[in-house]
Every structure is written in structure tokens, then in C-alpha cells.
Amino acid sequence: SRHAAALLHAAARAVSGGPVYVSDPPGGHDPALLRRLVLPDGRVLRARLPGRPTRDTLFADVTRDGVSPLKVWNRNGYGGVVAAFNVQGAAWNPAVRCYYIYDYAPAPV
């Protein structure tokens, strides 16, 4: 997708252990982004397990503390992978039962 968060979502799917799929309407996908998710021969290095948070972020508030990235680790057939995401600035709002963006430009973490 050409959405502002497309790269974050693609990386999260790649490390999640779930399926990596395209849900954009025909012509709405970003071929350059999709090429980053596969090997040159078209194979996908799919993670074998469900993605899990690293120990140091397990009890951190990765959406509001201003210092912690969300780090997720997994394994594939050749080694391991760790992905780090800056998700500061958006958190679940129980009052309205949806994610609320309270900082559109969070500082780097």
C-alpha cells in the first residue's frame, strides 16, 4: 500500500509469524515495498513462531513512555530476527474503544 504506515505494517507482518499477504485493491500496492519482503527468487522467509516482544519491552509502555520502541523477535529457518518499531504517540483508548493518536510526530526512540 502507499499508506503512511505501510512500511511499519509490512515489517510487522514479516516478523509476526502470520501470513504475509497483499490486501490492497488492484493497482493500489507498492511494488518496491513488496520486493523488500521477499528474496530475489520470490520466496518469503516466513517466521516459524508467533512474534513475541523482547524481554526488555514486555512490561514497558511502548506507546507512551517516550523512550521504548516495541521490539518483536522471531526465528526462521536460517536464524533469528528482531524488529523495532516506534509506536509512541498512539494507544488504545478504552473510553471510545479504538486507537487514539495523541502525537502525530513522536520523537525518535
# chains A, B, ... in the order shown; residues from 1 in each chain; ligands from 1
>>> select_by_dssp(residues="chain A", states="strand (DSSP E)", output="ChimeraX atom specification")
/A:52-53,70-76,79-85,90-93,98-101
>>> residues_around(residues="Ala91 of chain A", least_positions_apart="4", cutoff="12 Å", atoms="only C-alpha atoms", output="ChimeraX atom specification")
/A:61-65,87,95-104
>>> write_last_selection(atoms="C-alpha atoms", output="PDB file, in the first residue's frame")
ATOM      1  CA  ASP A  61       4.637   1.246  27.885  1.00  0.00           C
ATOM      2  CA  VAL A  62       5.914   1.366  24.315  1.00  0.00           C
ATOM      3  CA  THR A  63       3.145   3.769  23.299  1.00  0.00           C
ATOM      4  CA  ARG A  64       3.609   6.493  25.912  1.00  0.00           C
ATOM      5  CA  ASP A  65       6.886   6.358  27.850  1.00  0.00           C
ATOM      6  CA  VAL A  87       4.805   3.235  18.159  1.00  0.00           C
ATOM      7  CA  ALA A  95     -13.406   5.231  26.506  1.00  0.00           C
ATOM      8  CA  VAL A  96     -14.032   5.139  22.754  1.00  0.00           C
ATOM      9  CA  ARG A  97     -12.775   1.557  22.205  1.00  0.00           C
ATOM     10  CA  CYS A  98     -10.310   2.364  19.438  1.00  0.00           C
ATOM     11  CA  TYR A  99      -6.733   3.523  18.958  1.00  0.00           C
ATOM     12  CA  TYR A 100      -6.203   7.212  19.586  1.00  0.00           C
ATOM     13  CA  ILE A 101      -3.308   9.158  18.087  1.00  0.00           C
ATOM     14  CA  TYR A 102      -2.227  11.761  20.595  1.00  0.00           C
ATOM     15  CA  ASP A 103       1.122  12.665  18.990  1.00  0.00           C
ATOM     16  CA  TYR A 104       1.404  12.695  15.200  1.00  0.00           C
TER      17      TYR A 104
END
>>> select_by_dssp(residues="chain A", states="alpha helix (DSSP H)", output="VMD selection string")
chain A and resid 6 to 16 31 to 35
>>> closest_atom_pairs(of="segment 33-73 of chain A", to="segment 7-15 of chain A", cutoff="9 Å", atoms="only C-alpha atoms", output="CSV")
residue,atom,partner,partner_atom,distance
A:Leu33,CA,A:Leu7,CA,7.1
A:Leu34,CA,A:Ala10,CA,8.2
A:Leu37,CA,A:Ala14,CA,7.1
A:Val44,CA,A:Ala14,CA,8.8
A:Leu45,CA,A:Ala14,CA,8.1
A:Arg46,CA,A:Ala14,CA,6.8
A:Ala47,CA,A:Val15,CA,6.1
A:Pro50,CA,A:Val15,CA,8.2
A:Gly51,CA,A:Val15,CA,5.9
A:Val72,CA,A:Val15,CA,7.3
A:Trp73,CA,A:Val15,CA,7.0
>>> write_last_selection(atoms="C-alpha atoms", output="CSV table (one decimal), in the first residue's frame")
chain,number,residue,atom,x,y,z
A,33,LEU,CA,7.8,-2.3,-0.8
A,34,LEU,CA,6.6,-5.8,-1.7
A,37,LEU,CA,9.5,-8.7,1.8
A,44,VAL,CA,9.3,-15.5,1.6
A,45,LEU,CA,11.5,-16.0,4.6
A,46,ARG,CA,8.5,-16.7,6.9
A,47,ALA,CA,9.0,-16.7,10.6
A,50,PRO,CA,4.4,-16.2,16.7
A,51,GLY,CA,6.2,-12.9,17.0
A,72,VAL,CA,9.5,-8.2,18.4
A,73,TRP,CA,11.6,-11.2,17.9
>>> residues_around(residues="Asp24 of chain A", least_positions_apart="2", cutoff="12 Å", atoms="only C-alpha atoms", output="ChimeraX atom specification")
/A:1-3,6,21-22,26-31,34
>>> write_last_selection(atoms="C-alpha atoms", output="short mmCIF file (atom, residue, chain, number, x, y, z; two decimals), in the first residue's frame")
data_model
loop_
_atom_site.label_atom_id
_atom_site.label_comp_id
_atom_site.auth_asym_id
_atom_site.auth_seq_id
_atom_site.Cartn_x
_atom_site.Cartn_y
_atom_site.Cartn_z
CA SER A 1 0.00 0.00 0.00
CA ARG A 2 1.02 3.58 -0.32
CA HIS A 3 -0.39 4.37 3.12
CA ALA A 6 2.61 0.72 5.05
CA TYR A 21 -0.39 -11.01 2.10
CA VAL A 22 -1.48 -8.09 -0.03
CA PRO A 26 -5.58 -3.94 -7.81
CA GLY A 27 -3.09 -1.25 -8.74
CA GLY A 28 -3.01 0.14 -5.20
CA HIS A 29 0.07 -1.72 -3.98
CA ASP A 30 3.67 -0.53 -3.85
CA PRO A 31 5.88 -2.98 -5.80
CA LEU A 34 6.64 -5.79 -1.70
#
>>> atom_distance(atom1="atom CA of Ala60 of chain A", atom2="atom CA of Gly80 of chain A")
22.5 Å
>>> closest_residue(among="A:Ala32, A:Val67, A:Leu58, A:Val38", to="Ala107 of chain A", atoms="only C-alpha atoms")
A:Val67
>>> closest_residue(among="A:Ser16, A:Thr57, A:Gln88, A:Asn93", to="Asn74 of chain A", atoms="only C-alpha atoms")
A:Ser16
>>> atom_distance(atom1="atom CA of Gly77 of chain A", atom2="atom CA of Arg48 of chain A")
7.4 Å
>>> atom_distance(atom1="atom CA of Phe85 of chain A", atom2="atom CA of Pro108 of chain A")
10.2 Å
>>> residues_around(residues="Asp56 of chain A", least_positions_apart="6", cutoff="10 Å", atoms="only C-alpha atoms", output="list in words")
Ser68, Pro69, Leu70 and Lys71 of chain A
